[in-house]
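In what follows, a structure is listed as structure tokens, so that the remarks can point back to it.
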Protein chains: 2
Amino acid sequence: MTRGAETRERILDRAISLASRDGLGGLTIGTLASELGLSKSGLFAHFGSKEDLQLEVLRAAVARFEDAVMRPAFRAPRGERRLRSLLDHWLRWATDPALPGGCVMVAAAAELDDQEGRPRDFLAAKQHELLESLARTARFAVECGDFRADLDAEQLAFDLYSIFLGYNHSKRLLRDPRAEKRVRAAFERLVADARAAKASAKA
Amino acid sequence: MTRGAETRERILDRAISLASRDGLGGLTIGTLASELGLSKSGLFAHFGSKEDLQLEVLRAAVARFEDAVMRPAFRAPRGERRLRSLLDHWLRWATDPALPGGCVMVAAAAELDDQEGRPRDFLAAKQHELLESLARTARFAVECGDFRADLDAEQLAFDLYSIFLGYNHSKRLLRDPRAEKRVRAAFERLVADARAAKASAKA
DNA sequence: TGACATTTCGACCGAACGTTCGTATAGAAC
DNA sequence: GTTCTATACGAACGTTCGGTCGAAATGTCA
């Protein structure tokens, strides 16, 4: 159990790194094996198919995201502070040197959105969970009085996720050094609007 | 001149459609040729290499974007109305049936962000231009009095582009039917904040 | 030491990839 | 009618793809 599990970890570790740069489709069994000093067939024995490998890469990436972002952020007290902590951990995650190509989920999202299959289903389900967690965090902030009572928590989750996508785009494609400044400014505007006692509410 | 140019148009037309679903990397010369009833070599004669093909696909997609979004939007009078027109055309563009996989530039952005080369350079330059156009539109709105004088136009451009990315993600991966409602609500919040005489301004 | 399961390897497969080359078929120009 | 050029084709190149299979190595435990 131990031997194979270790190798499997090593494989997934490198696979996440590669998928971050080249995407799940660009992730190749031959390249992955040679980078690890393994034979193609030796590596392949750990996963039944390429789709399985992709799925396991996604699973592993999500697990790391939860360890690096969600769990630490949820140790902060409920309310605005937890939301801030979440953003901080999230931005740190997106620049983790173990992810040379940025967040795997974001890269995979654009790639898988038109490819039916288990990887797509898994990713969509997990992204849904993430949005739900963001909304729940916002709802807590309403409950403890940090945010106004009529706040649309799901809308805030959408807004928050959007500016994170904007940060990713700005940083990775445009290589804009002001990306972090921009996402933080957007976040402050979001929070300020959520705090206000009574504000805009259009349908 | 006429004959070849027509074929070339036909090729790019289908290529944009395919790249929209499968990405620029997933776009394959063999598949593209057989879908058009052409031979691989016959098609290949129109482009010197695959990188050239990708570049031309991007060029063609950008040209269509400018025809379908930028130019019509800029016919609206300067100010908030032009910004609204821009959003409307933009959302229509993202659901154009000719783009079964959504906006080509958004899909390519996630794909090319770590792949050096002419396609990446071209896309990044064009995205920069787009951001600049958004900022300029916002500046016009300040000049004509629609928006407050101390508005950070480039920040608004970032915010606007972010919620469009959020819309894409929400619609394409999550298939959330409320995606359009969400992006419009976010837009209204953005505009409301830009209108206010004096508001938040954090650094 | 011997038996046994796990783990890795090397050789190989058919298919698809991007690309090259020589050639056939048009229509326009002379 | 002949030349010339643009346009497309078919066959093949070398490489890489995901995937299979049987044998060799590497443990683990009596």
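Following the order of the structure tokens, chains are lettered A, B, ..., residues in each are numbered from 1, and ligands are numbered from 1.
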Output the contact residues of chain D with respect to chain B at a cut-off of 12 Å, based on only C-alpha atoms (C1' of nucleotides), as a compact mmCIF listing (two decimals) with C-alpha atoms (C1' of nucleotides), in the first residue's frame.
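Saved to part_38.txt:
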```txt
# COMPACT_ATOMS: atom_id res chain seq x y z
C1' DT D 5 -0.35 30.80 -62.01
C1' DA D 6 -3.58 29.85 -58.50
C1' DT D 7 -5.80 26.18 -56.13
C1' DA D 8 -6.54 21.76 -54.56
C1' DC D 9 -5.34 16.83 -54.08
C1' DG D 10 -3.24 12.16 -52.46
C1' DA D 11 0.38 9.81 -50.49
C1' DA D 12 3.69 9.65 -47.37
```
What would chain B look like once superposed on chain A, with the fit done by least squares over all C-alpha atoms paired in order? Give it as a compact mmCIF listing (two decimals) with C-alpha atoms, in the first residue's frame.
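Listed below is the output, out19.txt:
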```
# COMPACT_ATOMS: atom_id res chain seq x y z
CA MET B 1 0.07 0.03 0.19
CA THR B 2 2.80 2.46 1.06
CA ARG B 3 5.04 2.13 -1.94
CA GLY B 4 2.44 2.65 -4.64
CA ALA B 5 0.65 5.38 -2.75
CA GLU B 6 3.89 7.34 -2.49
CA THR B 7 4.52 7.10 -6.21
CA ARG B 8 0.95 8.05 -6.88
CA GLU B 9 1.39 11.17 -4.77
CA ARG B 10 4.56 12.04 -6.62
CA ILE B 11 2.77 11.65 -9.93
CA LEU B 12 -0.20 13.79 -8.94
CA ASP B 13 2.11 16.40 -7.53
CA ARG B 14 3.91 16.87 -10.80
CA ALA B 15 0.72 16.43 -12.79
CA ILE B 16 -0.93 19.34 -10.99
CA SER B 17 2.05 21.49 -11.79
CA LEU B 18 1.99 20.53 -15.45
CA ALA B 19 -1.78 20.87 -15.77
CA SER B 20 -1.51 24.33 -14.26
CA ARG B 21 0.66 25.45 -17.17
CA ASP B 22 -0.58 23.34 -20.07
CA GLY B 23 -4.13 22.53 -19.07
CA LEU B 24 -5.67 19.13 -18.52
CA GLY B 25 -5.66 18.45 -22.25
CA GLY B 26 -2.05 19.50 -22.64
CA LEU B 27 -1.08 17.20 -19.81
CA THR B 28 0.50 14.21 -21.52
CA ILE B 29 1.26 10.78 -20.10
CA GLY B 30 4.55 10.49 -21.94
CA THR B 31 5.86 13.86 -20.83
CA LEU B 32 4.65 13.35 -17.29
CA ALA B 33 6.35 9.96 -17.11
CA SER B 34 9.68 11.14 -18.47
CA GLU B 35 9.73 14.15 -16.13
CA LEU B 36 9.33 11.77 -13.21
CA GLY B 37 11.85 9.27 -14.49
CA LEU B 38 9.14 6.67 -14.90
CA SER B 39 8.13 4.61 -17.88
CA LYS B 40 4.88 5.47 -19.60
CA SER B 41 3.40 2.09 -18.76
CA GLY B 42 4.60 2.20 -15.18
CA LEU B 43 2.84 5.46 -14.67
CA PHE B 44 -0.21 4.35 -16.57
CA ALA B 45 -0.67 1.39 -14.20
CA HIS B 46 -1.67 3.84 -11.47
CA PHE B 47 -4.63 5.16 -13.46
CA GLY B 48 -6.89 3.21 -15.73
CA SER B 49 -7.15 5.87 -18.41
CA LYS B 50 -6.30 9.43 -19.21
CA GLU B 51 -9.75 10.58 -18.16
CA ASP B 52 -9.15 8.94 -14.80
CA LEU B 53 -5.85 10.73 -14.50
CA GLN B 54 -7.48 14.06 -15.27
CA LEU B 55 -10.16 13.36 -12.72
CA GLU B 56 -7.61 12.50 -10.05
CA VAL B 57 -5.63 15.62 -10.84
CA LEU B 58 -8.75 17.70 -10.34
CA ARG B 59 -9.56 15.86 -7.12
CA ALA B 60 -6.06 16.44 -5.78
CA ALA B 61 -6.11 20.10 -6.81
CA VAL B 62 -9.44 20.67 -5.10
CA ALA B 63 -8.18 18.98 -1.94
CA ARG B 64 -5.18 21.29 -1.87
CA PHE B 65 -7.36 24.30 -2.46
CA GLU B 66 -9.49 23.36 0.50
CA ASP B 67 -6.42 22.87 2.65
CA ALA B 68 -4.76 26.10 1.57
CA VAL B 69 -7.75 28.42 1.28
CA MET B 70 -11.08 27.25 2.63
CA ARG B 71 -10.04 25.59 5.87
CA PRO B 72 -7.65 28.33 7.04
CA ALA B 73 -10.13 31.04 6.10
CA PHE B 74 -12.91 29.37 8.02
CA ARG B 75 -10.80 29.49 11.14
CA ALA B 76 -11.29 33.24 11.17
CA PRO B 77 -14.35 34.46 13.10
CA ARG B 78 -17.59 34.70 11.15
CA GLY B 79 -18.39 37.94 9.42
CA GLU B 80 -16.43 40.43 7.35
CA ARG B 81 -13.15 39.23 8.81
CA ARG B 82 -13.67 35.73 7.51
CA LEU B 83 -14.46 37.09 4.07
CA ARG B 84 -11.24 39.11 4.13
CA SER B 85 -9.25 36.12 5.25
CA LEU B 86 -10.75 34.14 2.41
CA LEU B 87 -9.63 36.69 -0.15
CA ASP B 88 -6.13 36.82 1.31
CA HIS B 89 -5.67 33.05 1.21
CA TRP B 90 -7.24 32.91 -2.22
CA LEU B 91 -4.82 35.42 -3.70
CA ARG B 92 -1.89 33.65 -2.08
CA TRP B 93 -3.10 30.36 -3.55
CA ALA B 94 -3.24 31.85 -7.05
CA THR B 95 0.44 32.79 -6.87
CA ASP B 96 1.69 29.60 -5.19
CA PRO B 97 4.97 28.61 -6.91
CA ALA B 98 3.71 25.02 -6.96
CA LEU B 99 1.19 26.25 -9.52
CA PRO B 100 3.34 27.87 -12.21
CA GLY B 101 0.30 28.34 -14.44
CA GLY B 102 -2.04 29.62 -11.78
CA CYS B 103 -5.14 28.05 -10.31
CA VAL B 104 -5.82 24.66 -11.89
CA MET B 105 -9.57 24.98 -11.47
CA VAL B 106 -9.74 28.29 -13.30
CA ALA B 107 -7.67 26.93 -16.18
CA ALA B 108 -9.73 23.75 -16.30
CA ALA B 109 -13.00 25.66 -16.15
CA ALA B 110 -12.36 27.35 -19.49
CA GLU B 111 -11.14 24.10 -20.97
CA LEU B 112 -13.86 21.74 -19.81
CA ASP B 113 -16.90 23.96 -20.17
CA ASP B 114 -17.86 22.34 -23.46
CA GLN B 115 -16.50 18.86 -22.91
CA GLU B 116 -19.03 16.49 -21.41
CA GLY B 117 -17.64 13.83 -19.13
CA ARG B 118 -16.73 13.05 -15.55
CA PRO B 119 -13.99 15.70 -15.25
CA ARG B 120 -16.43 18.43 -16.28
CA ASP B 121 -19.15 17.15 -13.96
CA PHE B 122 -16.77 16.98 -11.03
CA LEU B 123 -15.37 20.46 -11.61
CA ALA B 124 -18.78 22.02 -12.05
CA ALA B 125 -20.02 20.41 -8.84
CA LYS B 126 -17.01 21.66 -6.90
CA GLN B 127 -17.31 25.17 -8.30
CA HIS B 128 -20.94 25.13 -7.26
CA GLU B 129 -19.87 24.19 -3.76
CA LEU B 130 -17.35 27.01 -3.73
CA LEU B 131 -19.96 29.55 -4.77
CA GLU B 132 -22.22 28.19 -2.06
CA SER B 133 -19.45 28.55 0.53
CA LEU B 134 -18.92 32.15 -0.51
CA ALA B 135 -22.65 32.85 -0.19
CA ARG B 136 -22.75 31.17 3.20
CA THR B 137 -19.84 33.27 4.38
CA ALA B 138 -21.75 36.35 3.31
CA ARG B 139 -24.88 35.15 5.10
CA PHE B 140 -22.90 34.72 8.30
CA ALA B 141 -21.73 38.29 7.93
CA VAL B 142 -25.34 39.39 7.71
CA GLU B 143 -26.29 37.36 10.76
CA CYS B 144 -23.56 38.83 12.90
CA GLY B 145 -24.43 42.34 11.84
CA ASP B 146 -21.38 43.14 9.70
CA PHE B 147 -23.45 43.32 6.52
CA ARG B 148 -26.89 44.75 5.92
CA ALA B 149 -29.93 42.50 6.30
CA ASP B 150 -31.22 42.79 2.73
CA LEU B 151 -27.92 41.74 1.15
CA ASP B 152 -28.18 39.27 -1.73
CA ALA B 153 -25.59 36.76 -0.59
CA GLU B 154 -25.54 34.78 -3.83
CA GLN B 155 -25.02 37.96 -5.80
CA LEU B 156 -22.07 38.81 -3.59
CA ALA B 157 -20.66 35.34 -4.23
CA PHE B 158 -20.95 35.96 -7.95
CA ASP B 159 -19.28 39.36 -7.61
CA LEU B 160 -16.49 37.96 -5.51
CA TYR B 161 -15.77 35.11 -7.84
CA SER B 162 -15.87 37.51 -10.79
CA ILE B 163 -13.19 39.80 -9.47
CA PHE B 164 -11.03 36.78 -8.71
CA LEU B 165 -11.38 35.73 -12.35
CA GLY B 166 -10.50 39.28 -13.32
CA TYR B 167 -7.43 39.12 -11.13
CA ASN B 168 -6.34 35.90 -12.77
CA HIS B 169 -6.83 37.30 -16.24
CA SER B 170 -5.08 40.52 -15.43
CA LYS B 171 -2.15 38.82 -13.79
CA ARG B 172 -1.61 35.84 -16.06
CA LEU B 173 -2.40 37.03 -19.56
CA LEU B 174 -1.84 40.76 -19.27
CA ARG B 175 0.89 40.48 -16.63
CA ASP B 176 -0.38 43.69 -15.13
CA PRO B 177 1.59 44.49 -11.96
CA ARG B 178 -1.43 46.38 -10.64
CA ALA B 179 -3.58 43.24 -10.70
CA GLU B 180 -3.54 42.76 -6.94
CA LYS B 181 -4.22 46.43 -6.31
CA ARG B 182 -7.18 46.22 -8.66
CA VAL B 183 -8.74 43.15 -7.12
CA ARG B 184 -8.34 44.60 -3.63
CA ALA B 185 -9.95 47.88 -4.65
CA ALA B 186 -12.84 45.95 -6.17
CA PHE B 187 -13.14 43.95 -2.98
CA GLU B 188 -13.32 47.08 -0.85
CA ARG B 189 -16.07 48.46 -3.02
CA LEU B 190 -17.97 45.19 -2.64
CA VAL B 191 -17.60 45.21 1.12
CA ALA B 192 -18.50 48.88 1.41
CA ASP B 193 -21.70 48.26 -0.52
CA ALA B 194 -22.54 45.23 1.59
CA ARG B 195 -22.06 47.22 4.79
CA ALA B 196 -24.30 50.16 3.89
CA ALA B 197 -27.54 50.21 5.87
CA LYS B 198 -29.74 50.69 2.80
CA ALA B 199 -28.54 50.85 -0.77
CA SER B 200 -29.28 49.83 -4.36
CA ALA B 201 -31.48 46.78 -4.93
CA LYS B 202 -32.48 46.41 -8.54
CA ALA B 203 -34.11 43.39 -10.16
```
Fill in: Contact residues (chain C, partner chain A, 9 Å, only C-alpha atoms (C1' of nucleotides)) as a VMD selection string
chain C and resid 6 to 10
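Non-sequential neighbours of C:DA15 (distance at most 12 Å, separation of 3 or more positions within a chain, only C-alpha atoms (C1' of nucleotides)) are DT16, DC17, DG18 and DG19 of chain D.
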Please, could you write that set of residues out with C-alpha atoms (C1' of nucleotides) as a CSV table (one decimal), in the first residue's frame?
```csv
chain,number,residue,atom,x,y,z
D,16,DT,C1',3.5,11.6,-30.6
D,17,DC,C1',-0.7,10.3,-28.8
D,18,DG,C1',-3.4,7.0,-25.4
D,19,DG,C1',-3.3,2.3,-24.5
```
Discussion item. Could you go through chain A and tell me which residues DSSP, when run on the backbone, assigns to helix (DSSP H, G or I), listing them as number ranges by chain?
Written reply: A: 2-26, 29-36, 40-44, 50-73, 80-94, 104-112, 118-143, 153-172, 179-195
Worksheet item: Could you pull the residues within 10 Å of C:DA5, counting only C-alpha atoms (C1' of nucleotides), minus those fewer than 2 positions along the same chain, as a ChimeraX atom specification?
Response: /C:3,7 /D:27-28
Fill in: Gap from atom C1' of C:DT19 to atom C1' of D:DT15 - Å, one decimal
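So the answer is 10.9 Å.
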